[in-house]
Amino acid sequence: MEKLKIMNIVGARPNFMKIAPIMDEMLKRKDSLESILVHTGQHYDKAMSQTFFQELEIPEPDINLNVGSGTHAEQTARIMLAFEPLVLEKKPDWVLVVGDVNSTLACTLVCSKLGIKVCHVEAGLRSFDRAMPEEINRIVTDALADLLLTPSSDADENLLKEGVAAQKIKLVGNVMIDTLYKQLPKAKKSNILKELELKSDSFAVTTLHRPSNVDDRATLSGIIEALGTISKRLPVVFPIHPRTRERIKQFELNTILDNYPSIRLIEPLGYLDFLQLYSNSKLVLTDSGGIQEETSVLGITCITLRENTERPITVEKGTNRVIGTSKEKIEEEAMKALASYSHQEKKIPFWDGKASSRIVDAIIEYTS
Ligand code: UD1
């Protein structure tokens with residue numbers, strides 16, 4: 001019998017921790033599956049890409065499309081142009097895409113016109129905010145994909161409401177959590193706390209990169225001022241995304257940062273150092289999607305600096321509070337969280353470290 005050929009796509013940082021356990025599971029079943037890994041090159045800095053491949057032991061990509069940065073149209077179009085001849089040459093049975101980045105959308109669009117089946121991992125998440133580029137990517141990807149694998153039951157409900165046929169949807173759980181559980185023991189060996197001279201439970205961590213927060217001067221400066229107020233209570237470690245670093249420079253916000261020496265600006269961290277850092281923190285303030293999930297599982301309080309979340313289960317069952325971006329509100333909620341501090345791991349159905357096995361089972365089941 002011919003082996004089932006699956007082409008897996010990654011592009012940007014949040015894709016890497018999702019693809020790692022899937023590649024691992026496919027390699028375990030290499031007698032019946034052939035897996036190919038394509039990196040679009042959407043993220044290319046060592047700190048945003050290569051470090052994750054090394055730490056998460058992801059095999060070298062078979063192909064790198066090296067598309068780099070650009071406007072949304074440029075980036076999406078470049079990925080499509082480079083990906084079409086590749087997928088025509090390799091003729092996979094399935095193309096597997098993860099998450100909601102431009103690479104997810106671009107490869108799905110190409111395959112749907114060529115009649116190549118697409119499996120979307122992390123399907124069905126909705127913020128209901130079309131000003132977010134990721135929301136557009138999620139809606140279009142889910143409208144076109146052949147198999148929609150969801151992390152939680154709210155995602156199933158969203159898809160059903162949009163008219164997706166029930167037989168195309170399967171709840172498999174959260175594949176990021178497979179990586180989290182696998183890497184926790186290794187992360188504990190990281191020296192990051194020592195390097196930053198921090199003690200467990202005595203600092204906050206923040207990450208920011210959403211265009212709606214960092215591309216607007218007033219919003220970004222308000223958030224930084226709020227972090228400054230919080231930093232008077234406890235150090236705030238801020239591993240900075242390249243996009244955010246550029247904006248701080250462009251908007252000349254360094255002067256605000258200079259007033260708050262306890263905001264500790266550092267380079268983006270690798271997976272293991274970052275995991276060790278936030279899992280030992282007292283509070284996380286973020287606009288990331290994945291961090292809302294990871295902090296929930298580990299029981300670390302997460303304050304989400306956005307007006308909405310596509311991951312409501314982290315509010316219902318986890319540790320997440322979605323509070324918007326006003327300076328006063330951030331300060332108020334952070335102080336409340338610090339006053340009522342507790343550290344309690346949360347159980348969310350199917351976030352059990354075994355999603356990758358269910359993902360590969362689902363693809364096999366839907367092939368026949
Ligand atoms: C992308 C994803 C977002 C994800 C985020 C995680 C989309 C629409 N957005 O946003 O969902 O949460 O990744 O990081 O796909 N840059 C570098 N080096 C890099 C990559 C980017 O310096 O390796 C700089 C470039 O100046 C670039 C900017 O960061 O213009 C933004 O990168 P881009 O890939 O466009 O979007 P992200 O903001 O990273």
# chains A, B, ... in the order shown; residues from 1 in each chain; ligands from 1

call {"tool": "residues_around", "arguments": {"residues": "Glu34 (chain A)", "least_positions_apart": "4", "cutoff": "10 Å", "atoms": "only C-alpha atoms", "output": "list in words"}}
result
Glu2, Lys3, Leu4, Lys5, Ile6, Met7, Met26, Leu27, Arg29, Lys30, Pro92 and Asp93 of chain A

call {"tool": "select_by_dssp", "arguments": {"residues": "region 140-355 of chain A", "states": "alpha helix (DSSP H)", "output": "PyMOL selection string"}}
result
chain A and resi 140-144+153-161+175-187+192-195+211-214+217-231+242-250+254-258+271-279+290-298+313-316+327-339+355

call {"tool": "residues_around", "arguments": {"residues": "region 178-183 of chain A", "least_positions_apart": "6", "cutoff": "12 Å", "atoms": "only C-alpha atoms", "output": "number ranges by chain"}}
result
A: 14-25, 52, 55-58, 151, 172, 189-190, 270-276, 279, 290-291, 293-298, 350-359

call {"tool": "residues_near_ligand", "arguments": {"ligand": "ligand 1", "cutoff": "6 Å", "atoms": "only C-alpha atoms and all ligand atoms", "output": "VMD selection string"}}
result
chain A and resid 12 to 14 42 to 45 48 69 to 70 100 to 102 133 to 134 209 242 to 243

call {"tool": "select_by_dssp", "arguments": {"residues": "region 51-206 of chain A", "states": "strand (DSSP E or B)", "output": "PyMOL selection string"}}
result
chain A and resi 63-64+94-98+117-121+147-150+169-171+204-206

call {"tool": "write_last_selection", "arguments": {"atoms": "C-alpha atoms", "output": "tab-separated table (two decimals), in the first residue's frame"}}
result
chain	number	residue	atom	x	y	z
A	63	ILE	CA	11.88	23.08	2.12
A	64	ASN	CA	12.17	26.74	3.15
A	94	TRP	CA	-3.02	16.19	2.77
A	95	VAL	CA	-1.61	19.58	3.62
A	96	LEU	CA	-1.72	20.27	7.35
A	97	VAL	CA	-1.81	23.89	8.54
A	98	VAL	CA	-1.84	25.13	12.14
A	117	LYS	CA	-7.10	18.30	0.97
A	118	VAL	CA	-6.35	20.64	3.87
A	119	CYS	CA	-6.43	19.76	7.54
A	120	HIS	CA	-6.57	22.78	9.90
A	121	VAL	CA	-5.30	22.25	13.43
A	147	LEU	CA	-10.90	18.58	8.04
A	148	LEU	CA	-11.26	20.95	10.99
A	149	LEU	CA	-9.57	19.80	14.17
A	150	THR	CA	-10.61	21.88	17.17
A	169	ILE	CA	-15.22	18.77	12.54
A	170	LYS	CA	-13.40	16.83	15.23
A	171	LEU	CA	-12.45	17.90	18.75
A	204	ALA	CA	5.71	39.73	36.37
A	205	VAL	CA	6.22	38.87	32.69
A	206	THR	CA	4.79	40.76	29.75

call {"tool": "atom_distance", "arguments": {"atom1": "CA of Lys282 (chain A)", "atom2": "CA of Ala337 (chain A)"}}
result
9.0 Å

call {"tool": "residues_around", "arguments": {"residues": "Glu195 (chain A)", "least_positions_apart": "3", "cutoff": "12 Å", "atoms": "only C-alpha atoms", "output": "PyMOL selection string"}}
result
chain A and resi 190-192+198-199+266+273+277

call {"tool": "closest_residue", "arguments": {"among": "A:Leu160, A:Lys168, A:Ile303, A:Lys327", "to": "Leu227 (chain A)", "atoms": "only C-alpha atoms"}}
result
A:Lys327

call {"tool": "closest_residue", "arguments": {"among": "A:Ile263, A:Val67, A:Thr319, A:Ile256", "to": "Gln344 (chain A)", "atoms": "only C-alpha atoms"}}
result
A:Thr319

call {"tool": "residues_around", "arguments": {"residues": "Met132 (chain A)", "least_positions_apart": "3", "cutoff": "10 Å", "atoms": "only C-alpha atoms", "output": "list in words"}}
result
Ser127, Phe128, Asp129, Glu135, Ile136, Asn137, Arg210, Pro211 and Ser212 of chain A

call {"tool": "write_last_selection", "arguments": {"atoms": "N, CA, C and O atoms", "output": "mmCIF file, in the first residue's frame"}}
result
data_model
loop_
_atom_site.group_PDB
_atom_site.id
_atom_site.type_symbol
_atom_site.label_atom_id
_atom_site.label_comp_id
_atom_site.auth_asym_id
_atom_site.auth_seq_id
_atom_site.Cartn_x
_atom_site.Cartn_y
_atom_site.Cartn_z
ATOM 1 N N SER A 127 -12.519 35.421 17.576
ATOM 2 C CA SER A 127 -12.566 36.583 18.468
ATOM 3 C C SER A 127 -13.757 37.464 18.117
ATOM 4 O O SER A 127 -14.109 38.358 18.864
ATOM 5 N N PHE A 128 -14.356 37.215 16.948
ATOM 6 C CA PHE A 128 -15.444 38.040 16.394
ATOM 7 C C PHE A 128 -14.996 39.491 16.207
ATOM 8 O O PHE A 128 -15.788 40.406 16.287
ATOM 9 N N ASP A 129 -13.710 39.650 15.956
ATOM 10 C CA ASP A 129 -13.132 40.978 15.758
ATOM 11 C C ASP A 129 -12.361 40.950 14.437
ATOM 12 O O ASP A 129 -11.222 40.496 14.383
ATOM 13 N N GLU A 135 -8.061 36.927 12.669
ATOM 14 C CA GLU A 135 -9.466 36.519 12.581
ATOM 15 C C GLU A 135 -9.839 36.264 11.117
ATOM 16 O O GLU A 135 -10.535 35.308 10.795
ATOM 17 N N ILE A 136 -9.334 37.114 10.229
ATOM 18 C CA ILE A 136 -9.590 36.915 8.793
ATOM 19 C C ILE A 136 -8.950 35.587 8.370
ATOM 20 O O ILE A 136 -9.567 34.782 7.660
ATOM 21 N N ASN A 137 -7.730 35.362 8.807
ATOM 22 C CA ASN A 137 -7.038 34.113 8.460
ATOM 23 C C ASN A 137 -7.817 32.899 8.958
ATOM 24 O O ASN A 137 -7.937 31.887 8.267
ATOM 25 N N ARG A 210 0.583 42.504 19.226
ATOM 26 C CA ARG A 210 -0.586 42.699 18.353
ATOM 27 C C ARG A 210 -0.525 44.077 17.695
ATOM 28 O O ARG A 210 -0.348 45.084 18.398
ATOM 29 N N PRO A 211 -0.732 44.137 16.375
ATOM 30 C CA PRO A 211 -0.753 45.430 15.702
ATOM 31 C C PRO A 211 -1.675 46.441 16.409
ATOM 32 O O PRO A 211 -1.317 47.604 16.575
ATOM 33 N N SER A 212 -2.855 46.003 16.884
ATOM 34 C CA SER A 212 -3.794 46.952 17.512
ATOM 35 C C SER A 212 -3.200 47.571 18.780
ATOM 36 O O SER A 212 -3.577 48.674 19.165
#

call {"tool": "atom_distance", "arguments": {"atom1": "CA of Tyr366 (chain A)", "atom2": "CA of Ala166 (chain A)"}}
result
13.0 Å

call {"tool": "atom_distance", "arguments": {"atom1": "CA of Lys91 (chain A)", "atom2": "CA of Thr76 (chain A)"}}
result
21.2 Å

call {"tool": "residues_around", "arguments": {"residues": "Val110 (chain A)", "least_positions_apart": "2", "cutoff": "9 Å", "atoms": "only C-alpha atoms", "output": "PDB file with N, CA and C atoms, in the first residue's frame"}}
result
ATOM      1  N   MET A  80       2.013  32.142  -1.519  1.00  0.00           N
ATOM      2  CA  MET A  80       1.197  31.415  -2.509  1.00  0.00           C
ATOM      3  C   MET A  80       2.015  31.097  -3.760  1.00  0.00           C
ATOM      4  N   LEU A  81       2.763  32.099  -4.248  1.00  0.00           N
ATOM      5  CA  LEU A  81       3.543  31.906  -5.478  1.00  0.00           C
ATOM      6  C   LEU A  81       4.617  30.836  -5.297  1.00  0.00           C
ATOM      7  N   PHE A  83       4.586  28.468  -2.966  1.00  0.00           N
ATOM      8  CA  PHE A  83       4.051  27.182  -2.502  1.00  0.00           C
ATOM      9  C   PHE A  83       3.368  26.388  -3.622  1.00  0.00           C
ATOM     10  N   GLU A  84       2.750  27.077  -4.565  1.00  0.00           N
ATOM     11  CA  GLU A  84       1.973  26.370  -5.596  1.00  0.00           C
ATOM     12  C   GLU A  84       2.822  25.354  -6.392  1.00  0.00           C
ATOM     13  N   VAL A  87       3.766  22.293  -4.094  1.00  0.00           N
ATOM     14  CA  VAL A  87       2.716  21.340  -3.755  1.00  0.00           C
ATOM     15  C   VAL A  87       2.306  20.539  -5.004  1.00  0.00           C
ATOM     16  N   LEU A 105      -3.174  30.730   6.085  1.00  0.00           N
ATOM     17  CA  LEU A 105      -4.150  31.156   5.086  1.00  0.00           C
ATOM     18  C   LEU A 105      -3.624  30.925   3.661  1.00  0.00           C
ATOM     19  N   ALA A 106      -2.388  31.347   3.413  1.00  0.00           N
ATOM     20  CA  ALA A 106      -1.850  31.319   2.046  1.00  0.00           C
ATOM     21  C   ALA A 106      -1.812  29.883   1.508  1.00  0.00           C
ATOM     22  N   CYS A 107      -1.331  28.953   2.313  1.00  0.00           N
ATOM     23  CA  CYS A 107      -1.211  27.571   1.825  1.00  0.00           C
ATOM     24  C   CYS A 107      -2.585  26.930   1.659  1.00  0.00           C
ATOM     25  N   THR A 108      -3.519  27.297   2.531  1.00  0.00           N
ATOM     26  CA  THR A 108      -4.877  26.759   2.408  1.00  0.00           C
ATOM     27  C   THR A 108      -5.514  27.224   1.104  1.00  0.00           C
ATOM     28  N   SER A 112      -6.842  24.747  -1.878  1.00  0.00           N
ATOM     29  CA  SER A 112      -8.273  24.628  -2.159  1.00  0.00           C
ATOM     30  C   SER A 112      -8.543  24.771  -3.655  1.00  0.00           C
ATOM     31  N   LYS A 113      -7.752  25.569  -4.368  1.00  0.00           N
ATOM     32  CA  LYS A 113      -7.938  25.734  -5.816  1.00  0.00           C
ATOM     33  C   LYS A 113      -7.387  24.541  -6.596  1.00  0.00           C
ATOM     34  N   LEU A 114      -6.453  23.814  -5.962  1.00  0.00           N
ATOM     35  CA  LEU A 114      -5.838  22.673  -6.660  1.00  0.00           C
ATOM     36  C   LEU A 114      -6.522  21.358  -6.303  1.00  0.00           C
ATOM     37  N   GLY A 115      -7.508  21.422  -5.420  1.00  0.00           N
ATOM     38  CA  GLY A 115      -8.201  20.195  -5.011  1.00  0.00           C
ATOM     39  C   GLY A 115      -7.357  19.309  -4.103  1.00  0.00           C
ATOM     40  N   ILE A 116      -6.413  19.927  -3.370  1.00  0.00           N
ATOM     41  CA  ILE A 116      -5.610  19.154  -2.411  1.00  0.00           C
ATOM     42  C   ILE A 116      -6.217  19.341  -1.025  1.00  0.00           C
TER      43      ILE A 116
END

call {"tool": "residues_around", "arguments": {"residues": "Asp154 (chain A)", "least_positions_apart": "4", "cutoff": "9 Å", "atoms": "only C-alpha atoms", "output": "list of chain:residue names"}}
result
A:Gly124, A:Leu125, A:Thr150, A:Asn158, A:Leu159, A:Arg311, A:Pro312, A:Ile313

call {"tool": "write_last_selection", "arguments": {"atoms": "N, CA, C and O atoms", "output": "compact mmCIF listing (two decimals), in the first residue's frame"}}
result
# COMPACT_ATOMS: atom_id res chain seq x y z
N GLY A 124 -11.71 26.77 14.28
CA GLY A 124 -12.93 27.18 14.98
C GLY A 124 -12.79 28.27 16.01
O GLY A 124 -13.78 28.72 16.57
N LEU A 125 -11.56 28.75 16.29
CA LEU A 125 -11.43 29.84 17.27
C LEU A 125 -11.89 31.14 16.64
O LEU A 125 -11.58 31.42 15.48
N THR A 150 -10.40 20.77 16.23
CA THR A 150 -10.61 21.88 17.17
C THR A 150 -9.96 21.60 18.53
O THR A 150 -9.82 20.46 18.94
N ASN A 158 -18.75 27.30 17.12
CA ASN A 158 -18.56 28.40 16.15
C ASN A 158 -18.65 27.88 14.72
O ASN A 158 -19.27 28.50 13.86
N LEU A 159 -18.00 26.75 14.46
CA LEU A 159 -17.97 26.20 13.09
C LEU A 159 -19.37 25.77 12.67
O LEU A 159 -19.79 26.03 11.53
N ARG A 311 -10.16 32.61 22.66
CA ARG A 311 -9.95 31.45 23.53
C ARG A 311 -10.74 31.59 24.82
O ARG A 311 -10.17 31.64 25.91
N PRO A 312 -12.10 31.68 24.72
CA PRO A 312 -12.91 31.96 25.92
C PRO A 312 -12.79 30.88 26.99
O PRO A 312 -13.01 31.16 28.17
N ILE A 313 -12.41 29.69 26.59
CA ILE A 313 -12.30 28.61 27.57
C ILE A 313 -11.24 28.93 28.64
O ILE A 313 -11.32 28.48 29.78

call {"tool": "decode", "arguments": {"residues": "region 248-261 of chain A", "atoms": "all heavy atoms", "output": "PDB file, in the first residue's frame"}}
result
ATOM      1  N   ILE A 248       8.539  51.025  19.344  1.00  0.00           N
ATOM      2  CA  ILE A 248       8.999  51.827  20.495  1.00  0.00           C
ATOM      3  C   ILE A 248      10.010  52.864  20.007  1.00  0.00           C
ATOM      4  O   ILE A 248       9.962  54.035  20.396  1.00  0.00           O
ATOM      5  CB  ILE A 248       9.582  50.911  21.593  1.00  0.00           C
ATOM      6  CG1 ILE A 248       8.436  50.169  22.286  1.00  0.00           C
ATOM      7  CG2 ILE A 248      10.408  51.708  22.613  1.00  0.00           C
ATOM      8  CD1 ILE A 248       8.848  49.198  23.358  1.00  0.00           C
ATOM      9  N   LYS A 249      10.855  52.433  19.096  1.00  0.00           N
ATOM     10  CA  LYS A 249      11.863  53.339  18.551  1.00  0.00           C
ATOM     11  C   LYS A 249      11.186  54.430  17.706  1.00  0.00           C
ATOM     12  O   LYS A 249      11.413  55.620  17.896  1.00  0.00           O
ATOM     13  CB  LYS A 249      12.831  52.509  17.690  1.00  0.00           C
ATOM     14  CG  LYS A 249      14.177  53.137  17.529  1.00  0.00           C
ATOM     15  CD  LYS A 249      15.175  52.140  16.954  1.00  0.00           C
ATOM     16  CE  LYS A 249      15.987  52.843  15.895  1.00  0.00           C
ATOM     17  NZ  LYS A 249      16.558  51.949  14.921  1.00  0.00           N
ATOM     18  N   GLN A 250      10.322  53.963  16.818  1.00  0.00           N
ATOM     19  CA  GLN A 250       9.633  54.888  15.907  1.00  0.00           C
ATOM     20  C   GLN A 250       8.818  55.939  16.674  1.00  0.00           C
ATOM     21  O   GLN A 250       8.815  57.111  16.315  1.00  0.00           O
ATOM     22  CB  GLN A 250       8.719  54.042  15.007  1.00  0.00           C
ATOM     23  CG  GLN A 250       7.932  54.778  13.973  1.00  0.00           C
ATOM     24  CD  GLN A 250       6.874  53.837  13.350  1.00  0.00           C
ATOM     25  OE1 GLN A 250       6.982  52.604  13.416  1.00  0.00           O
ATOM     26  NE2 GLN A 250       5.839  54.411  12.765  1.00  0.00           N
ATOM     27  N   PHE A 251       8.126  55.514  17.738  1.00  0.00           N
ATOM     28  CA  PHE A 251       7.282  56.440  18.509  1.00  0.00           C
ATOM     29  C   PHE A 251       8.068  57.150  19.618  1.00  0.00           C
ATOM     30  O   PHE A 251       7.483  57.858  20.430  1.00  0.00           O
ATOM     31  CB  PHE A 251       6.100  55.689  19.143  1.00  0.00           C
ATOM     32  CG  PHE A 251       5.160  55.015  18.169  1.00  0.00           C
ATOM     33  CD1 PHE A 251       4.546  53.803  18.494  1.00  0.00           C
ATOM     34  CD2 PHE A 251       4.868  55.588  16.939  1.00  0.00           C
ATOM     35  CE1 PHE A 251       3.667  53.177  17.618  1.00  0.00           C
ATOM     36  CE2 PHE A 251       3.981  54.963  16.055  1.00  0.00           C
ATOM     37  CZ  PHE A 251       3.388  53.754  16.390  1.00  0.00           C
ATOM     38  N   GLU A 252       9.347  56.897  19.671  1.00  0.00           N
ATOM     39  CA  GLU A 252      10.230  57.504  20.690  1.00  0.00           C
ATOM     40  C   GLU A 252       9.704  57.290  22.102  1.00  0.00           C
ATOM     41  O   GLU A 252       9.597  58.219  22.906  1.00  0.00           O
ATOM     42  CB  GLU A 252      10.443  58.989  20.384  1.00  0.00           C
ATOM     43  CG  GLU A 252      11.181  59.174  19.060  1.00  0.00           C
ATOM     44  CD  GLU A 252      11.286  60.628  18.615  1.00  0.00           C
ATOM     45  OE1 GLU A 252      10.776  61.504  19.313  1.00  0.00           O
ATOM     46  OE2 GLU A 252      11.903  60.854  17.563  1.00  0.00           O
ATOM     47  N   LEU A 253       9.360  56.034  22.405  1.00  0.00           N
ATOM     48  CA  LEU A 253       8.816  55.721  23.736  1.00  0.00           C
ATOM     49  C   LEU A 253       9.908  55.279  24.709  1.00  0.00           C
ATOM     50  O   LEU A 253       9.610  54.987  25.865  1.00  0.00           O
ATOM     51  CB  LEU A 253       7.714  54.651  23.623  1.00  0.00           C
ATOM     52  CG  LEU A 253       6.493  55.082  22.799  1.00  0.00           C
ATOM     53  CD1 LEU A 253       5.487  53.949  22.678  1.00  0.00           C
ATOM     54  CD2 LEU A 253       5.820  56.301  23.413  1.00  0.00           C
ATOM     55  N   ASN A 254      11.143  55.236  24.233  1.00  0.00           N
ATOM     56  CA  ASN A 254      12.245  54.848  25.126  1.00  0.00           C
ATOM     57  C   ASN A 254      12.328  55.771  26.336  1.00  0.00           C
ATOM     58  O   ASN A 254      12.709  55.345  27.416  1.00  0.00           O
ATOM     59  CB  ASN A 254      13.588  54.889  24.381  1.00  0.00           C
ATOM     60  CG  ASN A 254      13.639  53.824  23.330  1.00  0.00           C
ATOM     61  OD1 ASN A 254      13.060  54.008  22.262  1.00  0.00           O
ATOM     62  ND2 ASN A 254      14.282  52.720  23.629  1.00  0.00           N
ATOM     63  N   THR A 255      11.914  57.026  26.111  1.00  0.00           N
ATOM     64  CA  THR A 255      11.987  57.996  27.215  1.00  0.00           C
ATOM     65  C   THR A 255      11.083  57.558  28.365  1.00  0.00           C
ATOM     66  O   THR A 255      11.433  57.740  29.522  1.00  0.00           O
ATOM     67  CB  THR A 255      11.563  59.391  26.723  1.00  0.00           C
ATOM     68  OG1 THR A 255      10.386  59.231  25.941  1.00  0.00           O
ATOM     69  CG2 THR A 255      12.647  60.048  25.884  1.00  0.00           C
ATOM     70  N   ILE A 256       9.910  56.976  28.034  1.00  0.00           N
ATOM     71  CA  ILE A 256       9.026  56.493  29.118  1.00  0.00           C
ATOM     72  C   ILE A 256       9.718  55.322  29.822  1.00  0.00           C
ATOM     73  O   ILE A 256       9.769  55.261  31.049  1.00  0.00           O
ATOM     74  CB  ILE A 256       7.649  55.998  28.583  1.00  0.00           C
ATOM     75  CG1 ILE A 256       6.976  57.055  27.714  1.00  0.00           C
ATOM     76  CG2 ILE A 256       6.748  55.578  29.741  1.00  0.00           C
ATOM     77  CD1 ILE A 256       5.596  56.645  27.213  1.00  0.00           C
ATOM     78  N   LEU A 257      10.250  54.408  29.004  1.00  0.00           N
ATOM     79  CA  LEU A 257      10.890  53.220  29.593  1.00  0.00           C
ATOM     80  C   LEU A 257      12.038  53.621  30.517  1.00  0.00           C
ATOM     81  O   LEU A 257      12.247  52.991  31.556  1.00  0.00           O
ATOM     82  CB  LEU A 257      11.384  52.295  28.478  1.00  0.00           C
ATOM     83  CG  LEU A 257      10.292  51.478  27.802  1.00  0.00           C
ATOM     84  CD1 LEU A 257      10.783  50.914  26.483  1.00  0.00           C
ATOM     85  CD2 LEU A 257       9.808  50.360  28.713  1.00  0.00           C
ATOM     86  N   ASP A 258      12.752  54.685  30.139  1.00  0.00           N
ATOM     87  CA  ASP A 258      13.886  55.131  30.962  1.00  0.00           C
ATOM     88  C   ASP A 258      13.444  55.522  32.378  1.00  0.00           C
ATOM     89  O   ASP A 258      14.225  55.453  33.323  1.00  0.00           O
ATOM     90  CB  ASP A 258      14.593  56.331  30.311  1.00  0.00           C
ATOM     91  CG  ASP A 258      15.303  55.921  29.026  1.00  0.00           C
ATOM     92  OD1 ASP A 258      15.500  54.702  28.830  1.00  0.00           O
ATOM     93  OD2 ASP A 258      15.628  56.805  28.206  1.00  0.00           O
ATOM     94  N   ASN A 259      12.163  55.926  32.511  1.00  0.00           N
ATOM     95  CA  ASN A 259      11.664  56.315  33.842  1.00  0.00           C
ATOM     96  C   ASN A 259      11.413  55.124  34.748  1.00  0.00           C
ATOM     97  O   ASN A 259      11.162  55.286  35.932  1.00  0.00           O
ATOM     98  CB  ASN A 259      10.324  57.063  33.718  1.00  0.00           C
ATOM     99  CG  ASN A 259      10.487  58.374  32.998  1.00  0.00           C
ATOM    100  OD1 ASN A 259      11.571  58.942  33.018  1.00  0.00           O
ATOM    101  ND2 ASN A 259       9.428  58.849  32.361  1.00  0.00           N
ATOM    102  N   TYR A 260      11.377  53.928  34.150  1.00  0.00           N
ATOM    103  CA  TYR A 260      10.993  52.742  34.927  1.00  0.00           C
ATOM    104  C   TYR A 260      12.071  51.659  34.824  1.00  0.00           C
ATOM    105  O   TYR A 260      11.934  50.722  34.019  1.00  0.00           O
ATOM    106  CB  TYR A 260       9.653  52.185  34.423  1.00  0.00           C
ATOM    107  CG  TYR A 260       8.504  53.155  34.552  1.00  0.00           C
ATOM    108  CD1 TYR A 260       7.943  53.744  33.425  1.00  0.00           C
ATOM    109  CD2 TYR A 260       7.988  53.488  35.802  1.00  0.00           C
ATOM    110  CE1 TYR A 260       6.881  54.639  33.530  1.00  0.00           C
ATOM    111  CE2 TYR A 260       6.928  54.380  35.920  1.00  0.00           C
ATOM    112  CZ  TYR A 260       6.383  54.954  34.782  1.00  0.00           C
ATOM    113  OH  TYR A 260       5.340  55.829  34.894  1.00  0.00           O
ATOM    114  N   PRO A 261      13.114  51.755  35.611  1.00  0.00           N
ATOM    115  CA  PRO A 261      14.216  50.785  35.499  1.00  0.00           C
ATOM    116  C   PRO A 261      13.787  49.345  35.823  1.00  0.00           C
ATOM    117  O   PRO A 261      14.459  48.405  35.424  1.00  0.00           O
ATOM    118  CB  PRO A 261      15.251  51.289  36.520  1.00  0.00           C
ATOM    119  CG  PRO A 261      14.508  52.239  37.407  1.00  0.00           C
ATOM    120  CD  PRO A 261      13.379  52.791  36.618  1.00  0.00           C
TER     121      PRO A 261
END
